[in-house]
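Q: Data: model_12.csv, CSV, C-alpha atoms and all ligand atoms.
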```csv
chain,number,residue,atom,x,y,z
A,1,MET,CA,13.3,13.0,17.2
A,2,SER,CA,10.1,14.9,16.8
A,3,ARG,CA,6.9,14.8,18.6
A,4,PRO,CA,3.6,15.3,16.8
A,5,HIS,CA,1.6,18.4,17.7
A,6,THR,CA,-0.5,17.3,20.7
A,7,PHE,CA,-2.9,19.4,22.7
A,8,GLN,CA,-4.4,19.3,26.2
A,9,LEU,CA,-8.2,19.6,26.3
A,10,ARG,CA,-10.2,20.2,29.5
A,11,VAL,CA,-13.3,18.2,30.0
A,12,THR,CA,-16.0,20.7,30.8
A,13,GLU,CA,-19.0,18.4,30.9
A,14,VAL,CA,-19.8,14.7,30.9
A,15,ILE,CA,-23.3,13.8,29.5
A,16,HIS,CA,-24.6,10.3,30.2
A,17,GLU,CA,-26.4,9.6,26.9
A,18,THR,CA,-27.4,6.0,27.6
A,19,ALA,CA,-26.4,3.4,30.2
A,20,ASP,CA,-23.1,2.7,28.2
A,21,ALA,CA,-22.5,5.8,26.2
A,22,HIS,CA,-21.0,9.1,27.4
A,23,SER,CA,-20.5,12.4,25.7
A,24,LEU,CA,-17.6,14.6,26.7
A,25,VAL,CA,-17.6,18.3,26.0
A,26,LEU,CA,-13.9,19.4,25.6
A,27,GLN,CA,-12.3,22.8,25.7
A,28,PRO,CA,-9.0,23.7,24.1
A,29,ARG,CA,-6.7,26.3,25.6
A,30,ASP,CA,-7.3,29.7,24.1
A,31,GLU,CA,-4.0,29.7,22.2
A,32,ASP,CA,-4.9,26.3,20.6
A,33,ALA,CA,-8.5,27.1,19.6
A,34,GLY,CA,-7.6,27.6,16.0
A,35,HIS,CA,-6.4,23.9,15.7
A,36,PHE,CA,-9.9,22.6,16.6
A,37,ASP,CA,-12.0,24.1,13.8
A,38,HIS,CA,-13.4,20.8,12.5
A,39,ARG,CA,-15.5,19.6,9.7
A,40,PRO,CA,-18.7,17.6,10.3
A,41,GLY,CA,-17.9,13.9,10.6
A,42,GLN,CA,-14.3,14.2,11.8
A,43,PHE,CA,-12.7,12.5,14.8
A,44,LEU,CA,-10.3,13.2,17.6
A,45,THR,CA,-7.5,10.9,18.6
A,46,LEU,CA,-7.1,10.6,22.4
A,47,SER,CA,-4.1,9.5,24.4
A,48,ILE,CA,-5.5,7.0,27.0
A,49,PRO,CA,-3.1,6.4,29.9
A,50,THR,CA,-1.7,2.9,30.0
A,51,ASP,CA,1.3,0.9,31.1
A,52,ARG,CA,1.1,-1.1,27.9
A,53,GLU,CA,3.9,-0.9,25.4
A,54,GLY,CA,2.9,1.0,22.3
A,55,GLY,CA,0.5,3.3,24.3
A,56,ALA,CA,-3.3,3.3,23.9
A,57,ALA,CA,-4.3,6.0,21.3
A,58,ARG,CA,-8.0,5.8,20.4
A,59,CYS,CA,-10.0,7.7,17.8
A,60,TYR,CA,-13.5,8.9,18.7
A,61,SER,CA,-15.9,10.8,16.4
A,62,LEU,CA,-17.0,14.3,17.2
A,63,SER,CA,-20.8,14.6,17.5
A,64,SER,CA,-20.7,18.4,17.7
A,65,ALA,CA,-21.7,20.5,14.7
A,66,PRO,CA,-19.1,23.2,14.0
A,67,VAL,CA,-21.5,25.4,12.2
A,68,LEU,CA,-23.6,25.7,15.3
A,69,GLY,CA,-20.7,27.0,17.4
A,70,GLU,CA,-21.2,24.0,19.7
A,71,GLY,CA,-18.3,23.0,22.0
A,72,LEU,CA,-16.2,20.1,20.9
A,73,LYS,CA,-18.1,17.0,21.9
A,74,ILE,CA,-17.1,13.3,21.4
A,75,THR,CA,-19.4,10.5,22.2
A,76,VAL,CA,-18.0,7.2,23.4
A,77,LYS,CA,-19.8,3.9,23.9
A,78,ARG,CA,-18.4,1.1,26.0
A,79,THR,CA,-17.5,-2.0,24.2
A,80,ALA,CA,-17.2,-5.3,26.1
A,81,ASP,CA,-13.4,-5.6,26.0
A,82,GLY,CA,-12.6,-2.0,25.0
A,83,TYR,CA,-9.8,-0.7,27.1
A,84,GLY,CA,-10.1,2.8,25.7
A,85,SER,CA,-13.9,3.2,25.8
A,86,ASN,CA,-14.1,1.8,29.3
A,87,TRP,CA,-11.3,4.0,30.6
A,88,VAL,CA,-13.0,7.1,29.1
A,89,CYS,CA,-16.4,6.2,30.6
A,90,ASP,CA,-15.0,5.2,34.0
A,91,HIS,CA,-12.3,7.9,34.6
A,92,LEU,CA,-12.9,11.1,32.8
A,93,ALA,CA,-14.9,13.8,34.7
A,94,ALA,CA,-15.4,17.5,34.4
A,95,GLY,CA,-12.2,19.4,35.2
A,96,ASP,CA,-9.9,16.6,33.9
A,97,GLU,CA,-7.5,17.1,31.1
A,98,ILE,CA,-6.8,14.8,28.2
A,99,GLU,CA,-4.1,14.8,25.6
A,100,VAL,CA,-5.3,14.7,21.9
A,101,LEU,CA,-4.3,15.3,18.3
A,102,ALA,CA,-6.1,17.9,16.2
A,103,PRO,CA,-9.4,16.8,14.5
A,104,SER,CA,-9.0,14.7,11.3
A,105,GLY,CA,-10.8,12.4,9.0
A,106,THR,CA,-12.3,12.4,5.5
A,107,PHE,CA,-15.8,11.2,6.5
A,108,THR,CA,-17.2,14.6,5.8
A,109,PRO,CA,-19.5,16.0,3.1
A,110,ARG,CA,-17.9,18.1,0.3
A,111,SER,CA,-20.9,20.5,0.5
A,112,LEU,CA,-23.7,20.8,3.1
A,113,ASP,CA,-26.2,21.5,0.3
A,114,GLY,CA,-28.0,18.7,-1.5
A,115,ASP,CA,-29.9,15.8,-0.1
A,116,PHE,CA,-28.5,13.1,2.2
A,117,LEU,CA,-29.2,9.6,3.3
A,118,LEU,CA,-27.4,8.9,6.6
A,119,VAL,CA,-27.3,5.3,8.0
A,120,ALA,CA,-26.0,4.6,11.5
A,121,GLY,CA,-25.7,1.6,13.7
A,122,GLY,CA,-25.3,2.1,17.5
A,123,SER,CA,-22.5,4.6,18.4
A,124,GLY,CA,-21.9,5.0,14.6
A,125,VAL,CA,-24.5,7.8,14.9
A,126,THR,CA,-21.8,10.0,16.4
A,127,PRO,CA,-20.2,11.5,13.2
A,128,VAL,CA,-23.6,11.1,11.5
A,129,MET,CA,-25.2,13.4,14.1
A,130,SER,CA,-22.5,16.0,13.4
A,131,ILE,CA,-23.3,15.8,9.6
A,132,LEU,CA,-27.0,15.8,10.2
A,133,LYS,CA,-27.1,18.9,12.3
A,134,SER,CA,-24.6,20.7,10.1
A,135,VAL,CA,-26.7,20.0,6.9
A,136,LEU,CA,-30.0,21.0,8.6
A,137,HIS,CA,-28.6,24.2,10.0
A,138,ALA,CA,-26.2,25.4,7.3
A,139,GLY,CA,-27.4,23.5,4.2
A,140,SER,CA,-30.7,23.6,2.3
A,141,GLY,CA,-31.4,19.9,1.4
A,142,ARG,CA,-33.3,17.1,3.0
A,143,VAL,CA,-32.0,14.4,5.3
A,144,ALA,CA,-33.1,10.9,5.9
A,145,LEU,CA,-31.6,9.0,8.9
A,146,ILE,CA,-31.9,5.3,9.2
A,147,TYR,CA,-30.7,4.5,12.7
A,148,ALA,CA,-30.3,0.9,14.0
A,149,ASN,CA,-30.0,-0.1,17.7
A,150,ARG,CA,-30.4,-3.0,20.0
A,151,ASP,CA,-33.3,-1.6,21.9
A,152,GLU,CA,-35.0,1.7,22.8
A,153,GLN,CA,-32.7,2.2,25.8
A,154,SER,CA,-29.6,2.2,23.6
A,155,VAL,CA,-30.7,5.0,21.2
A,156,ILE,CA,-28.1,7.7,21.6
A,157,PHE,CA,-29.3,11.4,21.0
A,158,ARG,CA,-33.0,10.2,21.2
A,159,ASP,CA,-34.3,13.5,22.6
A,160,GLU,CA,-32.1,15.7,20.4
A,161,LEU,CA,-33.4,13.8,17.3
A,162,ILE,CA,-37.0,14.2,18.4
A,163,ALA,CA,-36.5,18.0,18.8
A,164,LEU,CA,-34.8,18.2,15.4
A,165,GLU,CA,-37.6,16.3,13.7
A,166,LYS,CA,-40.0,18.9,15.1
A,167,GLN,CA,-37.9,21.8,14.1
A,168,TYR,CA,-37.2,20.5,10.6
A,169,ARG,CA,-40.5,18.8,9.9
A,170,ASP,CA,-40.2,19.1,6.1
A,171,ARG,CA,-36.5,18.3,5.8
A,172,LEU,CA,-35.7,15.6,8.3
A,173,HIS,CA,-37.0,12.1,8.4
A,174,VAL,CA,-35.8,9.5,11.0
A,175,VAL,CA,-36.4,5.8,10.8
A,176,HIS,CA,-35.5,3.8,13.9
A,177,LEU,CA,-34.7,0.1,13.6
A,178,LEU,CA,-34.7,-1.8,16.9
A,179,GLU,CA,-33.3,-5.3,17.0
A,180,SER,CA,-35.5,-6.0,20.0
A,181,VAL,CA,-38.6,-5.3,17.9
A,182,GLN,CA,-37.8,-6.1,14.2
A,183,GLY,CA,-34.7,-8.4,14.7
A,184,LEU,CA,-31.5,-7.7,12.8
A,185,PRO,CA,-32.3,-5.6,9.7
A,186,SER,CA,-32.2,-7.8,6.5
A,187,LEU,CA,-30.7,-6.9,3.2
A,188,GLU,CA,-34.2,-6.7,1.7
A,189,SER,CA,-35.6,-4.4,4.4
A,190,LEU,CA,-32.6,-2.1,4.2
A,191,THR,CA,-32.8,-2.0,0.4
A,192,GLU,CA,-36.5,-1.1,0.6
A,193,LEU,CA,-35.8,1.7,3.1
A,194,ALA,CA,-32.9,3.1,1.0
A,195,THR,CA,-34.7,3.0,-2.4
A,196,PRO,CA,-36.6,6.3,-2.1
A,197,TYR,CA,-33.2,8.1,-1.4
A,198,ALA,CA,-31.1,6.5,-4.1
A,199,GLY,CA,-30.1,9.8,-5.7
A,200,ARG,CA,-28.6,11.2,-2.5
A,201,GLN,CA,-25.2,11.4,-0.9
A,202,VAL,CA,-25.0,8.5,1.5
A,203,PHE,CA,-22.9,8.4,4.7
A,204,ILE,CA,-22.7,5.1,6.6
A,205,CYS,CA,-21.1,4.4,10.1
A,206,GLY,CA,-21.5,1.5,12.4
A,207,PRO,CA,-20.1,-2.0,13.2
A,208,THR,CA,-18.5,-3.7,10.3
A,209,PRO,CA,-21.2,-6.3,9.6
A,210,PHE,CA,-23.8,-3.6,9.7
A,211,MET,CA,-21.8,-1.4,7.3
A,212,ASP,CA,-21.3,-4.3,4.9
A,213,ALA,CA,-25.1,-5.0,4.9
A,214,VAL,CA,-26.0,-1.3,4.4
A,215,THR,CA,-23.4,-1.0,1.6
A,216,ALA,CA,-24.9,-3.9,-0.3
A,217,ALA,CA,-28.4,-2.5,0.3
A,218,VAL,CA,-27.7,1.0,-0.9
A,219,GLU,CA,-26.0,-0.5,-4.0
A,220,ALA,CA,-29.0,-2.7,-4.6
A,221,ALA,CA,-31.2,0.4,-4.1
A,222,GLY,CA,-29.4,2.1,-7.0
A,223,CYS,CA,-27.2,4.6,-5.1
A,224,ALA,CA,-24.1,5.5,-7.1
A,225,ARG,CA,-21.0,4.1,-5.6
A,226,GLU,CA,-19.2,7.4,-5.7
A,227,HIS,CA,-21.9,8.9,-3.6
A,228,VAL,CA,-21.5,6.3,-0.8
A,229,HIS,CA,-19.1,7.2,2.1
A,230,HIS,CA,-18.0,4.9,4.9
A,231,GLU,CA,-16.4,5.7,8.3
A,232,LYS,CA,-13.9,3.0,9.0
A,233,PHE,CA,-12.2,2.8,12.3
A,234,LEU,CA,-9.3,0.3,12.4
A,235,SER,CA,-7.1,0.0,15.5
A,236,LEU,CA,-3.9,1.9,15.6
A,237,GLY,CA,-0.7,-0.2,15.4
A,238,ASN,CA,1.6,2.7,16.4
A,239,ASP,CA,1.3,5.2,19.2
A,240,PRO,CA,1.0,8.6,17.6
A,241,PHE,CA,1.7,10.3,21.0
A,242,ASP,CA,5.1,8.7,21.2
A,243,ASP,CA,8.3,10.5,20.1
A,244,VAL,CA,9.0,9.8,16.5
A,245,SER,CA,12.3,9.1,15.1
A,246,VAL,CA,12.6,9.1,11.3
A,247,GLU,CA,15.5,8.0,9.2
A,248,LEU,CA,15.4,8.8,5.5
A,249,ASP,CA,17.1,6.7,2.9
A,250,SER,CA,18.8,9.4,0.9
A,251,THR,CA,20.9,7.2,-1.3
A,252,GLY,CA,18.7,7.2,-4.4
A,253,PRO,CA,17.4,10.1,-6.6
A,254,ALA,CA,15.3,12.8,-5.0
A,255,GLY,CA,12.5,15.0,-6.2
A,256,ILE,CA,11.1,18.2,-4.6
A,257,VAL,CA,8.0,18.5,-2.5
A,258,GLU,CA,6.5,21.9,-1.7
A,259,VAL,CA,4.1,21.8,1.2
A,260,GLU,CA,1.6,24.3,2.7
A,261,LEU,CA,1.0,23.7,6.3
A,262,ASP,CA,-0.4,26.0,9.0
A,263,GLY,CA,-0.1,29.0,6.5
A,264,ARG,CA,3.6,28.4,5.8
A,265,THR,CA,5.1,27.0,2.6
A,266,THR,CA,8.2,24.9,2.8
A,267,GLU,CA,10.2,23.2,0.0
A,268,LEU,CA,12.1,20.0,0.7
A,269,ALA,CA,14.1,17.4,-1.1
A,270,TRP,CA,12.1,14.2,-1.4
A,271,PRO,CA,14.3,11.1,-1.7
A,272,ARG,CA,12.1,8.8,-3.9
A,273,SER,CA,12.0,5.7,-1.7
A,274,ASN,CA,10.7,7.6,1.3
A,275,LYS,CA,7.2,8.3,2.4
A,276,MET,CA,6.1,11.9,2.2
A,277,LEU,CA,5.1,12.1,5.9
A,278,ASP,CA,8.6,10.9,6.9
A,279,VAL,CA,10.2,13.6,4.8
A,280,PHE,CA,8.1,16.2,6.6
A,281,LEU,CA,8.7,14.8,10.1
A,282,GLU,CA,12.4,14.5,9.5
A,283,ALA,CA,12.4,18.2,8.5
A,284,GLY,CA,10.7,19.0,11.8
A,285,LEU,CA,7.3,20.0,10.3
A,286,ASP,CA,4.2,19.5,12.4
A,287,ALA,CA,2.4,17.3,9.9
A,288,PRO,CA,-0.6,15.5,11.3
A,289,PHE,CA,-0.7,11.7,11.6
A,290,SER,CA,-2.0,9.0,13.7
A,291,CYS,CA,-1.6,5.3,12.5
A,292,LYS,CA,1.1,5.8,9.9
A,293,GLU,CA,-0.3,2.6,8.3
A,294,GLY,CA,-2.9,4.0,5.8
A,295,ASN,CA,-5.8,3.1,8.1
A,296,CYS,CA,-7.0,6.4,9.6
A,297,SER,CA,-6.8,9.4,7.2
A,298,ALA,CA,-5.3,11.7,9.9
A,299,CYS,CA,-2.4,12.4,7.5
A,300,ALA,CA,-4.7,13.3,4.5
A,301,CYS,CA,-3.6,16.2,2.4
A,302,ILE,CA,-4.3,17.4,-1.1
A,303,VAL,CA,-2.0,17.2,-4.1
A,304,LEU,CA,-2.1,20.5,-6.0
A,305,GLU,CA,0.6,19.6,-8.6
A,306,GLY,CA,2.5,16.5,-9.6
A,307,GLU,CA,1.8,12.9,-8.9
A,308,VAL,CA,2.2,10.5,-6.0
A,309,GLU,CA,1.4,6.8,-5.4
A,310,MET,CA,0.0,5.3,-2.2
A,311,GLU,CA,1.5,2.0,-1.1
A,312,HIS,CA,-1.5,1.2,1.1
A,313,ASN,CA,-4.9,2.7,1.6
A,314,GLU,CA,-7.7,1.4,3.8
A,315,VAL,CA,-9.6,4.6,4.2
A,316,LEU,CA,-9.8,6.9,1.2
A,317,GLU,CA,-12.5,6.3,-1.2
A,318,ALA,CA,-12.5,6.7,-5.0
A,319,GLU,CA,-14.2,10.2,-4.7
A,320,ASP,CA,-11.5,11.4,-2.2
A,321,ILE,CA,-8.7,10.2,-4.5
A,322,ALA,CA,-10.4,11.9,-7.5
A,323,ASP,CA,-10.4,15.1,-5.4
A,324,GLY,CA,-6.6,14.9,-5.1
A,325,ILE,CA,-6.6,13.7,-1.5
A,326,VAL,CA,-3.7,11.4,-0.5
A,327,LEU,CA,-2.4,9.8,2.6
A,328,ALA,CA,1.0,11.4,3.3
A,329,CYS,CA,2.1,8.4,5.4
A,330,GLN,CA,1.8,6.1,2.3
A,331,ALA,CA,2.7,8.5,-0.5
A,332,ILE,CA,5.8,8.1,-2.6
A,333,PRO,CA,6.5,10.4,-5.6
A,334,LEU,CA,5.9,9.6,-9.2
A,335,SER,CA,6.9,13.0,-10.5
A,336,ASP,CA,10.0,15.1,-9.9
A,337,ARG,CA,8.0,17.9,-8.3
A,338,VAL,CA,5.0,17.7,-6.1
A,339,ARG,CA,3.0,20.5,-4.5
A,340,ILE,CA,0.7,19.6,-1.6
A,341,THR,CA,-1.5,21.4,1.0
A,342,TYR,CA,-2.9,20.7,4.4
A,343,ASP,CA,-4.6,24.1,4.5
A,344,GLN,CA,-7.7,23.6,2.3
A,401,LIG,S1,-1.5,8.4,9.6
A,401,LIG,FE1,-3.2,7.1,9.4
A,401,LIG,S2,-3.5,6.9,7.3
A,401,LIG,FE2,-1.7,8.1,7.4
```
Just give me the structure of the file as structure tokens.
Ligand code: FES

A:
Amino acid sequence: MSRPHTFQLRVTEVIHETADAHSLVLQPRDEDAGHFDHRPGQFLTLSIPTDREGGAARCYSLSSAPVLGEGLKITVKRTADGYGSNWVCDHLAAGDEIEVLAPSGTFTPRSLDGDFLLVAGGSGVTPVMSILKSVLHAGSGRVALIYANRDEQSVIFRDELIALEKQYRDRLHVVHLLESVQGLPSLESLTELATPYAGRQVFICGPTPFMDAVTAAVEAAGCAREHVHHEKFLSLGNDPFDDVSVELDSTGPAGIVEVELDGRTTELAWPRSNKMLDVFLEAGLDAPFSCKEGNCSACACIVLEGEVEMEHNEVLEAEDIADGIVLACQAIPLSDRVRITYDQ
């Protein structure tokens, strides 16, 4: 049995962003602080108390910009039947503690330099805000944000965006789309808006139909597919906060996997029919994971040497895979020796 590395964070502040969206500022214990250096666009997985079988783990994007030294901040918007989002908005107050996994996710720019087109729908602005602030403060390029909402009252970070537009007059351009004013954005209008920014890195986050429409629009606008990144949140089938028991099938041939994790290198036998994550967990390593189903990217690591194959992948994009990123929970070996790292 092993338990994934979980942490207790203290809620230091609750900010009521809109009528149905709350931001929570969270503070790790001093000894855990090193686990919470995050990249812009990443998310936290929270353990939401529940009597339900299978637990209620939920992923929420961080809106804080690490380069600014801001405290960890997640932003959560209620959804009509959302158990997790309603629990967070109704129950968490300053002084409370919540159990979480370390930040993870691959919806993050490789470099903060260069020009960006960011497209967000509703609370999809959360990771986008982290990227936007990081690029403006630590990068040198220009940022265009297309931000769609139901109405003016539902615009999260409205005042912060106004302030940033003033501060970065020459580098930031924000276009608000309001359903109450223009109706739902059409493919044609989105394409027209995206066209001037076709050469940029594109990051898209929002409800699935919105992301689908924006993806089609940016493609029609001429954006290169490998420059278009999506944040996809699928629900978790397993509870990553539960005890994990892993049984390896060691009957067949085995290769070797060498893994760098938290500054330590470990070499393990990798029986070929088993997933790489299971090999690590069985050996008692604190390898990160959340869904174990190829849906979330919490287990993402980089192959430095050798070859693996993923059985299922809902979350990594072609550019991630070209960079050597793989999902440990879905990886089986193709070569006798594989070297991977979680530390880059
Ligand atoms: S743990 Fe979610 S993709 Fe591997």

Q: With distances taken over all atoms listed in the file, which residue among A:Arg200, A:Val315, A:Gly121, A:Gln153 lies nearest Val175 of chain A?

A: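 Of A:Arg200, A:Val315, A:Gly121, A:Gln153, the one nearest Val175 of chain A is A:Gly121, counting all atoms listed in the file.
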
Q: Compare A:Glu267, A:Glu99, A:Asp249, A:Asp239 by their minimum atom-to-atom distance to ligand LIG 401 (chain A), counting only C-alpha atoms and all ligand atoms, and give me the closest one.

A: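 Of all the options, A:Asp239 lies closest to ligand LIG 401 (chain A).
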
Q: Counting only C-alpha atoms, which residue out of A:Ala194, A:Leu327, A:Ala120, A:Ala283 sits closest to Leu177 of chain A?

A: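 Smallest separation from Leu177 of chain A among the options: A:Ala120.
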
Q: To check your reading of the model: which residues sit at most 10 Å from ligand LIG 401 (chain A) when counting only C-alpha atoms and all ligand atoms? Write the answer as a PDB file with C-alpha atoms, keeping the file's coordinate frame.

A:
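This went into out.pdb:
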```
ATOM      1  CA  SER A 104      -9.000  14.700  11.300  1.00  0.00           C
ATOM      2  CA  GLY A 105     -10.800  12.400   9.000  1.00  0.00           C
ATOM      3  CA  LEU A 234      -9.300   0.300  12.400  1.00  0.00           C
ATOM      4  CA  LEU A 236      -3.900   1.900  15.600  1.00  0.00           C
ATOM      5  CA  GLY A 237      -0.700  -0.200  15.400  1.00  0.00           C
ATOM      6  CA  ASN A 238       1.600   2.700  16.400  1.00  0.00           C
ATOM      7  CA  PRO A 240       1.000   8.600  17.600  1.00  0.00           C
ATOM      8  CA  LEU A 277       5.100  12.100   5.900  1.00  0.00           C
ATOM      9  CA  ALA A 287       2.400  17.300   9.900  1.00  0.00           C
ATOM     10  CA  PRO A 288      -0.600  15.500  11.300  1.00  0.00           C
ATOM     11  CA  PHE A 289      -0.700  11.700  11.600  1.00  0.00           C
ATOM     12  CA  SER A 290      -2.000   9.000  13.700  1.00  0.00           C
ATOM     13  CA  CYS A 291      -1.600   5.300  12.500  1.00  0.00           C
ATOM     14  CA  LYS A 292       1.100   5.800   9.900  1.00  0.00           C
ATOM     15  CA  GLU A 293      -0.300   2.600   8.300  1.00  0.00           C
ATOM     16  CA  GLY A 294      -2.900   4.000   5.800  1.00  0.00           C
ATOM     17  CA  ASN A 295      -5.800   3.100   8.100  1.00  0.00           C
ATOM     18  CA  CYS A 296      -7.000   6.400   9.600  1.00  0.00           C
ATOM     19  CA  SER A 297      -6.800   9.400   7.200  1.00  0.00           C
ATOM     20  CA  ALA A 298      -5.300  11.700   9.900  1.00  0.00           C
ATOM     21  CA  CYS A 299      -2.400  12.400   7.500  1.00  0.00           C
ATOM     22  CA  ALA A 300      -4.700  13.300   4.500  1.00  0.00           C
ATOM     23  CA  CYS A 301      -3.600  16.200   2.400  1.00  0.00           C
ATOM     24  CA  HIS A 312      -1.500   1.200   1.100  1.00  0.00           C
ATOM     25  CA  ASN A 313      -4.900   2.700   1.600  1.00  0.00           C
ATOM     26  CA  GLU A 314      -7.700   1.400   3.800  1.00  0.00           C
ATOM     27  CA  VAL A 315      -9.600   4.600   4.200  1.00  0.00           C
ATOM     28  CA  LEU A 316      -9.800   6.900   1.200  1.00  0.00           C
ATOM     29  CA  VAL A 326      -3.700  11.400  -0.500  1.00  0.00           C
ATOM     30  CA  LEU A 327      -2.400   9.800   2.600  1.00  0.00           C
ATOM     31  CA  ALA A 328       1.000  11.400   3.300  1.00  0.00           C
ATOM     32  CA  CYS A 329       2.100   8.400   5.400  1.00  0.00           C
ATOM     33  CA  GLN A 330       1.800   6.100   2.300  1.00  0.00           C
ATOM     34  CA  ALA A 331       2.700   8.500  -0.500  1.00  0.00           C
TER      35      ALA A 331
END
```

Q: Which of these residues is nearest to Asp90 of chain A, using only C-alpha atoms: A:Ile332, A:Leu62, A:Ala21, A:Met276?

A: A:Ala21

Q: Show me, as a ChimeraX atom specification, the residues that have an atom within 7 Å of Arg150 of chain A when counting only C-alpha atoms, minus same-chain residues fewer than 4 positions from it.

A: /A:154,178-180

Q: Fewer than 2 positions away in the same chain doesn't count, so skip those; otherwise give me all residues within 6 Å of segment 259-266 of chain A, counting only C-alpha atoms, as an MDAnalysis selection string.

A: chainID A and resid 339:343
